[in-house]
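Colleague: Got a structure here, written out as structure tokens. Questions coming.
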Amino acid sequence: MEDSKLPMALRSNLLDLFGQIEREFENLYIENLELRREIESLNERLSGEGQTVDGGDLSKGALKTKASHSTSQLSQKLKTTYKASTSKIVSSFKATTSRAVCQLVKEYVGHRDGIWDLAVTRVQPLVLGTASADHCSMLWSIETGKCLLKYAGHAGSVNSIKFHPTEQMALTASGDQTAHIWRYMVQLPLPQPPADISASLDDDVDFSDKDEADGEAEGPNECPTIRIATTTLKSHQGVVIAADWLVGGKQVVTASWDRAANLYDVETSELVHTLTGHDQELTHCCTHPTQRLVVTSSRDTTFRLWDFRDPSIHSVNVFQGHTDTVTSAVFTVGDNVVSGSDDRTVKVWDLKNMRSPIATIRTDSAVNRISVSANQRIIALPHDNRQVRLFDMNGVRLARLPRSNRQGHRRMVCCSAWNEENQACNLFTCGFDRQAIGWNINIPALLQEK
């Protein structure tokens with residue numbers, strides 16, 4: 001070990017982990033020995049009883065059956081204990097590996113209600129934006145977790161947030177039946193020395209159960225607040241659940257519970273098209289990063305692809321791959337759409353042949369607003385059951401983000417968003433525990449483990 005090139009901290013961590021594994025195996029070994037002794041003594045006792053029993057072959061047969069049954073029970077117990085202990089060791093080792101690859105970096109706390117959506121700005125300075133049921137949207141310093149700006153112009157829950165591709169503008173959709181476009185200017189705080197993450201994780205605080213004001217103590221009250229939108233888009237007759245910028249940022253699309261999606265001109269705020277056809281409320285909308293394509297999701301179990309590339313023809317394709325509400329459908333950098341549903345599945349589709357999915361991911365919980373990383377195309381699945389899982393485009397599971405009483409989400413996880421430009425924090429999640437979380441996902445290590 002003296003010749004080891006590993007850093008001292010990593011070496012000691014490895015030694016500690018191997019020590020834990022050794023202790024688990026030692027306990028297992030002792031349990032096995034005790035069970036073996038039990039089996040042997042039982043066999044001896046039964047064979048002894050067999051010699052003293054009268055009544056010929058019948059009772060011996062009965063006794064043999066009894067002995068065989070008892071031995072079989074113990075044997076089963078031994079197997080079960082062994083399997084349980086071994087799987088415990090393997091799963092704890094996997095969890096440890098997963099923790100090393102996926103680490104919680106920062107918690108963003110200050111909203112007074114659940115957070116529905118989040119996104120990262122697409123121009124410098126890079127900041128995190130959140131949309132909450134508390135009627136507010138907030139911008140956060142990714143590095144420090146400090147609230148930099150609050151938008152309080154909506155009269156209802158803020159259901160989604162998206163940033164303009166080239167300008168410092170945000171687009172938010174709300175339960176007040178409108179979408180707002182607002183300009184922001186933020187001053188990033190000076191970088192701070194890195195905090196000891198392990199120390200902060202020792203505080204087992206459940207913000208979701210605290211009084212409303214408690215989460216505000218650290219500074220969101222000091223946030224500058226904007227209350228007036230630059231542009232208000234209003235023509236929906238129901239909750240606006242999502243909105244997104246079309247490529248170039250000159251038009252936006254909104255999705256509503258009135259079963260329609262609307263296309264607006266940003267400069268004039270005029271309604272350009274109303275996209276109808278869904279049979280029930282819309283749940284999400286997403287635009288293609290480089291082409292004039294829109295995908296809308298609905299409670300009617302379908303999602304629709306709207307094509308605006310040819311100004312004279314607006315074609316639409318309907319996809320019926322799910323059996324329950326489609327909670328989101330998103331484009332990837334390639335020619336794929338990935339859809340998630342309350343039917344607990346995620347499906348990967350090829351834009352060139354959308355008749356059937358090229359991959360199906362089956363999970364144990366409803367899936368909310370998914371996101372796909374641009375470079376490695378890793379799908380982040382936020383679940384109703386508080387878990388966040390990572391899969392590749394072939395449907396192979398890569399990791400589950402660590403979650404315990406001390407860290408991770410404590411309520412339903414509503415949304416995930418990748419941000420590969422930031423090395424320290426490259427995945428964000430938010431949920432009904434009123435917090436957003438920044439994660440560091442070591443993508444090369446993740447893909448290597450696969």
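Please note that chains go A, B, ... in the order of the structure tokens, that every chain numbers its residues from 1, and that ligands are numbered from 1 in the order shown.
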What's the 6 Å shell around Met169 (chain A), counting only C-alpha atoms, without same-chain residues fewer than 6 positions away, as a VMD selection string?

Modeller: chain A and resid 163 182 to 183

Colleague: Give me, as a ChimeraX atom specification, the residues of region 358-404 of chain A that a backbone DSSP run labels strand (DSSP E or B).

Modeller: /A:359-362,367,369,371-372,379-383,388-391,397-400

Colleague: List the neighbours of Pro382 (chain A) out to 9 Å using only C-alpha atoms; skip same-chain residues closer than 4 positions along the sequence, and give me the result as a PyMOL selection string.

Modeller: chain A and resi 366-370+386-389+412-416+429-431

Colleague: Could the residues in this selection be saved with C-alpha atoms as a PDB file, in the first residue's frame?

Modeller:
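The resulting file, part-v2.pdb, is reproduced below:
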```pdb
ATOM      1  CA  ALA A 366     -45.387   7.430 -12.036  1.00  0.00           C
ATOM      2  CA  VAL A 367     -42.868   9.500 -13.994  1.00  0.00           C
ATOM      3  CA  ASN A 368     -42.995  13.311 -14.008  1.00  0.00           C
ATOM      4  CA  ARG A 369     -41.148  15.916 -16.129  1.00  0.00           C
ATOM      5  CA  ILE A 370     -38.133  14.144 -17.591  1.00  0.00           C
ATOM      6  CA  ARG A 386     -39.365  10.492  -4.295  1.00  0.00           C
ATOM      7  CA  GLN A 387     -36.749   8.640  -6.360  1.00  0.00           C
ATOM      8  CA  VAL A 388     -34.744   9.951  -9.323  1.00  0.00           C
ATOM      9  CA  ARG A 389     -33.336   7.364 -11.721  1.00  0.00           C
ATOM     10  CA  MET A 412     -42.820  13.704  -4.977  1.00  0.00           C
ATOM     11  CA  VAL A 413     -40.084  14.777  -7.442  1.00  0.00           C
ATOM     12  CA  CYS A 414     -41.720  16.950 -10.115  1.00  0.00           C
ATOM     13  CA  CYS A 415     -39.003  17.772 -12.608  1.00  0.00           C
ATOM     14  CA  SER A 416     -35.385  17.228 -13.654  1.00  0.00           C
ATOM     15  CA  THR A 429     -34.270  18.230  -9.525  1.00  0.00           C
ATOM     16  CA  CYS A 430     -37.190  19.799  -7.669  1.00  0.00           C
ATOM     17  CA  GLY A 431     -40.220  18.539  -5.829  1.00  0.00           C
TER      18      GLY A 431
END
```

Colleague: From the options A:Val272, A:Ile181, A:Val186, A:Ala329, which residue's atoms come nearest to Thr230 (chain A), counting only C-alpha atoms?

Modeller: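 Residue with the minimum atom-to-atom distance to Thr230 (chain A): A:Ile181.
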
Colleague: Select from region 103-326 of chain A everything DSSP, run on the backbone, classes as helix (DSSP H, G or I), then give the selection as a ChimeraX atom specification.

Modeller: /A:197-200,207-209,214-216,220-222

Colleague: Please measure the separation of CA of Trp140 (chain A) and CA of Thr121 (chain A), giving the value in Å to one decimal.

Modeller: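 About the pair CA of Trp140 (chain A) and CA of Thr121 (chain A): they are 10.5 Å apart.
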
Colleague: With distances taken over only C-alpha atoms, which of A:Ala417, A:Ile443, A:Ile361, A:Ala436 is nearest to Gly114 (chain A)?

Modeller: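 Once distances to Gly114 (chain A) are computed over only C-alpha atoms, the minimum belongs to A:Ala436.
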
Colleague: Out of A:Arg406, A:Ile241, A:Arg37, A:Asn336, which residue has the shortest atom-to-atom distance to Ile358 (chain A) when counting only C-alpha atoms?

Modeller: A:Asn336

Colleague: Using only C-alpha atoms, which of the listed residues (A:His288, A:His236, A:Arg299, A:Lys146) sits closest to Gln187 (chain A)?

Modeller: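 Looking only at the distances to Gln187 (chain A), the closest residue turns out to be A:Lys146.
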
Colleague: Kindly indicate which residue among A:Ala152, A:Glu143, A:Pro189, A:Lys234 lies nearest to Ala424 (chain A), using only C-alpha atoms for the distances.

Modeller: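 Ranking A:Ala152, A:Glu143, A:Pro189, A:Lys234 by distance to Ala424 (chain A), first place goes to A:Glu143.
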
Colleague: Can you work out which one of A:Thr130, A:Ser160, A:Thr287, A:Gln423 has the shortest atom-to-atom distance to Asp307 (chain A), counting only C-alpha atoms?

Modeller: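 Among the listed residues, the smallest separation from Asp307 (chain A) belongs to A:Thr287.
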
Colleague: Need the shell around Asp343 (chain A): protein/DNA/RNA residues with any atom at most 9 Å away, counting only C-alpha atoms. Skip same-chain ones fewer than 3 positions apart. Format as a count of residues only?

Modeller: 12
